[in-house]
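Report on the structure given below.
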Amino acid sequence: MNFFACILAVAVASQFTAGSIIQGHSEKQPLQEILQFDSGLNPIAPTQSDSSLLTTCNGVLNSTSGGIAYKAFEPIAANERCVWTIRGGNAGEFSLNVLNIGSLGSQDTQVIVTCLRHRSTTTHINVNQTGSVNGVSSCNLLVITLASGSDVSDSTGFVLEYSVLRAGSLSSRSRDYIVNAGNAAIISYPDLPLSYTNSELSTFVILPVRGSTTNLIYVRDLLEGTTCYDLLAVYRFNASSTLQTKWEYAGRLCGNVLSDIVTNNDLLLITFESDHSVVGTGFQLALAASNSNQCTS
């Protein structure tokens, strides 16, 4: 039994409505106690890659041009979840071209492009054909999600290429994390023993464990002020959603929220953005997967 996951599951069940983000509450002392407890949490470093081409599930691309070629001529497994973050160095504008989309075979299988813009709107684009992808020209980061359901039929993967068309002005201290919820872990942000910087846009992708709930504790150290000048935005992947793309905006965590719990039984995407003035010492994210039998075995 994962002792941390058990404690966390009990905390969620006893204090919070599952799946909610509770903002503006006073300090939730049990959350602080869980993080202070020596529970075997593994510290997580940012995900890095020097490659310009990724062919395996999950990864980060920092080159100004490159691509993803995943199972282009191979069958996709049922209930796959793969996420790739394309930072492209420091981008202000992208081009994205799908060279091969294979056969998606079933509506349960999706390739989704998420466009992240610093201090602006996030958009999700469902990709189902080859050619240039519209709507990515003003993105600072791209997040590519491949998700399949139980019925994959004859679904295969895809090949895409990207290029950075214009440099951006994000802080070089922005980071990207891709973390499996199966191992109890903690992310201390920023990853250096300093305050975060202005103009950051960082990403945290939490991969699910099939059949389990991902529990994520957020504990603030210090963000700018008590409003949303610097903030975390939370997105949940909902495979049963009737929306064309399955990423759903769930809320934000700002300087007035000391601690909170976020849960989901599928992917989580969290972004952190800082504005152009005043910084803080950041926050911690602790995570673990749990199921109904975890605390009784």
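Ligands are numbered from 1 in the order shown, residues from 1 within each chain, and chains are lettered A, B, ... in the order they appear in the structure tokens.
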>> Could you pull out the strand (DSSP E or B) residues of segment 185-217 of chain A, going by DSSP on the backbone, and write them as a PyMOL selection string?
In response: chain A and resi 185-189+201-207+213-217
Given the selection you just returned, output its residues as a file containing N, CA, C and O atoms, formatted as a PDB file, in the first residue's frame.
ATOM      1  N   ALA A 185       4.923  11.698  -5.531  1.00  0.00           N
ATOM      2  CA  ALA A 185       5.995  12.620  -5.908  1.00  0.00           C
ATOM      3  C   ALA A 185       5.640  14.037  -5.503  1.00  0.00           C
ATOM      4  O   ALA A 185       4.490  14.357  -5.184  1.00  0.00           O
ATOM      5  N   ILE A 186       6.644  14.908  -5.520  1.00  0.00           N
ATOM      6  CA  ILE A 186       6.432  16.311  -5.200  1.00  0.00           C
ATOM      7  C   ILE A 186       7.238  17.181  -6.155  1.00  0.00           C
ATOM      8  O   ILE A 186       8.384  16.853  -6.497  1.00  0.00           O
ATOM      9  N   ILE A 187       6.612  18.232  -6.623  1.00  0.00           N
ATOM     10  CA  ILE A 187       7.266  19.229  -7.457  1.00  0.00           C
ATOM     11  C   ILE A 187       7.372  20.512  -6.652  1.00  0.00           C
ATOM     12  O   ILE A 187       6.355  21.039  -6.185  1.00  0.00           O
ATOM     13  N   SER A 188       8.577  20.983  -6.461  1.00  0.00           N
ATOM     14  CA  SER A 188       8.801  22.277  -5.812  1.00  0.00           C
ATOM     15  C   SER A 188       9.095  23.291  -6.909  1.00  0.00           C
ATOM     16  O   SER A 188      10.049  23.119  -7.680  1.00  0.00           O
ATOM     17  N   TYR A 189       8.279  24.314  -7.000  1.00  0.00           N
ATOM     18  CA  TYR A 189       8.433  25.304  -8.067  1.00  0.00           C
ATOM     19  C   TYR A 189       8.646  26.690  -7.475  1.00  0.00           C
ATOM     20  O   TYR A 189       7.879  27.103  -6.620  1.00  0.00           O
ATOM     21  N   LEU A 201       5.826  31.004 -18.303  1.00  0.00           N
ATOM     22  CA  LEU A 201       4.701  30.143 -18.681  1.00  0.00           C
ATOM     23  C   LEU A 201       5.212  28.715 -18.596  1.00  0.00           C
ATOM     24  O   LEU A 201       5.961  28.253 -19.453  1.00  0.00           O
ATOM     25  N   SER A 202       4.837  28.004 -17.536  1.00  0.00           N
ATOM     26  CA  SER A 202       5.310  26.640 -17.284  1.00  0.00           C
ATOM     27  C   SER A 202       4.140  25.671 -17.317  1.00  0.00           C
ATOM     28  O   SER A 202       2.991  26.058 -17.065  1.00  0.00           O
ATOM     29  N   THR A 203       4.454  24.408 -17.632  1.00  0.00           N
ATOM     30  CA  THR A 203       3.404  23.401 -17.760  1.00  0.00           C
ATOM     31  C   THR A 203       3.684  22.200 -16.864  1.00  0.00           C
ATOM     32  O   THR A 203       4.832  21.821 -16.652  1.00  0.00           O
ATOM     33  N   PHE A 204       2.597  21.598 -16.381  1.00  0.00           N
ATOM     34  CA  PHE A 204       2.661  20.402 -15.533  1.00  0.00           C
ATOM     35  C   PHE A 204       1.614  19.427 -16.053  1.00  0.00           C
ATOM     36  O   PHE A 204       0.407  19.665 -15.894  1.00  0.00           O
ATOM     37  N   VAL A 205       2.054  18.357 -16.685  1.00  0.00           N
ATOM     38  CA  VAL A 205       1.154  17.317 -17.199  1.00  0.00           C
ATOM     39  C   VAL A 205       1.218  16.132 -16.249  1.00  0.00           C
ATOM     40  O   VAL A 205       2.303  15.605 -15.967  1.00  0.00           O
ATOM     41  N   ILE A 206       0.066  15.714 -15.741  1.00  0.00           N
ATOM     42  CA  ILE A 206      -0.013  14.582 -14.821  1.00  0.00           C
ATOM     43  C   ILE A 206      -0.679  13.427 -15.556  1.00  0.00           C
ATOM     44  O   ILE A 206      -1.852  13.507 -15.940  1.00  0.00           O
ATOM     45  N   LEU A 207       0.086  12.349 -15.749  1.00  0.00           N
ATOM     46  CA  LEU A 207      -0.423  11.172 -16.448  1.00  0.00           C
ATOM     47  C   LEU A 207      -1.171  10.276 -15.474  1.00  0.00           C
ATOM     48  O   LEU A 207      -0.699  10.027 -14.362  1.00  0.00           O
ATOM     49  N   THR A 213      -7.659   7.221  -9.106  1.00  0.00           N
ATOM     50  CA  THR A 213      -7.873   8.661  -9.075  1.00  0.00           C
ATOM     51  C   THR A 213      -6.550   9.357  -8.809  1.00  0.00           C
ATOM     52  O   THR A 213      -5.802   8.962  -7.919  1.00  0.00           O
ATOM     53  N   THR A 214      -6.262  10.382  -9.595  1.00  0.00           N
ATOM     54  CA  THR A 214      -5.082  11.209  -9.341  1.00  0.00           C
ATOM     55  C   THR A 214      -5.442  12.268  -8.314  1.00  0.00           C
ATOM     56  O   THR A 214      -6.402  13.024  -8.496  1.00  0.00           O
ATOM     57  N   ASN A 215      -4.698  12.297  -7.210  1.00  0.00           N
ATOM     58  CA  ASN A 215      -4.890  13.300  -6.162  1.00  0.00           C
ATOM     59  C   ASN A 215      -3.695  14.244  -6.179  1.00  0.00           C
ATOM     60  O   ASN A 215      -2.548  13.801  -6.106  1.00  0.00           O
ATOM     61  N   LEU A 216      -3.960  15.518  -6.285  1.00  0.00           N
ATOM     62  CA  LEU A 216      -2.889  16.505  -6.341  1.00  0.00           C
ATOM     63  C   LEU A 216      -3.118  17.583  -5.286  1.00  0.00           C
ATOM     64  O   LEU A 216      -4.186  18.207  -5.249  1.00  0.00           O
ATOM     65  N   ILE A 217      -2.145  17.745  -4.406  1.00  0.00           N
ATOM     66  CA  ILE A 217      -2.190  18.809  -3.397  1.00  0.00           C
ATOM     67  C   ILE A 217      -1.425  20.009  -3.922  1.00  0.00           C
ATOM     68  O   ILE A 217      -0.288  19.887  -4.384  1.00  0.00           O
TER      69      ILE A 217
END
Q: Name the residues in contact with Ala239 of chain A at a cut-off of 9 Å, using only C-alpha atoms, excluding same-chain residues fewer than 3 positions from it; report them as number ranges by chain.
A: A: 108, 147-149, 242, 245-247, 266
Rows by chain and residue number, segment 143-166 of chain A within 9 Å of segment 79-84 of chain A, shortest pair, only C-alpha atoms, as JSON lines:
{"residue": "A:Val143", "atom": "CA", "partner": "A:Trp84", "partner_atom": "CA", "distance": 5.7}
{"residue": "A:Ile144", "atom": "CA", "partner": "A:Trp84", "partner_atom": "CA", "distance": 5.1}
{"residue": "A:Thr145", "atom": "CA", "partner": "A:Val83", "partner_atom": "CA", "distance": 4.6}
{"residue": "A:Leu146", "atom": "CA", "partner": "A:Cys82", "partner_atom": "CA", "distance": 5.1}
{"residue": "A:Ala147", "atom": "CA", "partner": "A:Arg81", "partner_atom": "CA", "distance": 4.9}
{"residue": "A:Ser148", "atom": "CA", "partner": "A:Asn79", "partner_atom": "CA", "distance": 4.8}
{"residue": "A:Gly149", "atom": "CA", "partner": "A:Asn79", "partner_atom": "CA", "distance": 4.6}
{"residue": "A:Ser150", "atom": "CA", "partner": "A:Asn79", "partner_atom": "CA", "distance": 5.7}
{"residue": "A:Asp151", "atom": "CA", "partner": "A:Asn79", "partner_atom": "CA", "distance": 8.5}
{"residue": "A:Val152", "atom": "CA", "partner": "A:Asn79", "partner_atom": "CA", "distance": 8.3}
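Going from atom CA of Ser120 of chain A over to atom CA of Asp176 of chain A, you cover 18.6 Å.
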Nearby residues (only C-alpha atoms) at most 8 Å from Val133 of chain A, same-chain spacing under 3 positions excluded, as a PyMOL selection string: chain A and resi 95-98+127+136
Dump of all heavy atoms for the selected residues, as a CSV table (one decimal), in the first residue's frame:
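That gives us result_32.csv:
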chain,number,residue,atom,x,y,z
A,95,SER,N,4.3,27.3,-36.8
A,95,SER,CA,3.6,26.6,-37.9
A,95,SER,C,3.6,25.1,-37.5
A,95,SER,O,4.5,24.6,-36.9
A,95,SER,CB,4.3,26.8,-39.2
A,95,SER,OG,5.5,26.1,-39.3
A,96,LEU,N,2.5,24.4,-37.8
A,96,LEU,CA,2.3,23.0,-37.5
A,96,LEU,C,1.6,22.3,-38.6
A,96,LEU,O,0.6,22.8,-39.2
A,96,LEU,CB,1.4,22.9,-36.2
A,96,LEU,CG,1.2,21.5,-35.6
A,96,LEU,CD1,2.5,20.9,-35.1
A,96,LEU,CD2,0.2,21.5,-34.5
A,97,ASN,N,2.3,21.2,-39.1
A,97,ASN,CA,1.8,20.5,-40.3
A,97,ASN,C,1.7,19.1,-40.0
A,97,ASN,O,2.6,18.4,-39.5
A,97,ASN,CB,2.8,20.8,-41.4
A,97,ASN,CG,2.3,20.2,-42.7
A,97,ASN,OD1,1.1,20.2,-43.0
A,97,ASN,ND2,3.2,19.7,-43.6
A,98,VAL,N,0.5,18.5,-40.2
A,98,VAL,CA,0.3,17.0,-40.0
A,98,VAL,C,0.6,16.3,-41.3
A,98,VAL,O,0.0,16.5,-42.3
A,98,VAL,CB,-1.2,16.8,-39.6
A,98,VAL,CG1,-1.4,15.3,-39.4
A,98,VAL,CG2,-1.5,17.5,-38.3
A,127,VAL,N,-7.5,17.5,-34.3
A,127,VAL,CA,-6.8,17.2,-35.5
A,127,VAL,C,-7.3,15.9,-36.1
A,127,VAL,O,-7.2,14.9,-35.4
A,127,VAL,CB,-5.3,17.2,-35.3
A,127,VAL,CG1,-4.6,16.9,-36.6
A,127,VAL,CG2,-4.8,18.6,-34.8
A,136,VAL,N,-2.6,28.2,-34.7
A,136,VAL,CA,-1.4,28.0,-33.8
A,136,VAL,C,-0.4,29.2,-34.0
A,136,VAL,O,0.7,29.1,-33.5
A,136,VAL,CB,-0.7,26.7,-34.0
A,136,VAL,CG1,-1.7,25.5,-33.7
A,136,VAL,CG2,-0.2,26.5,-35.4
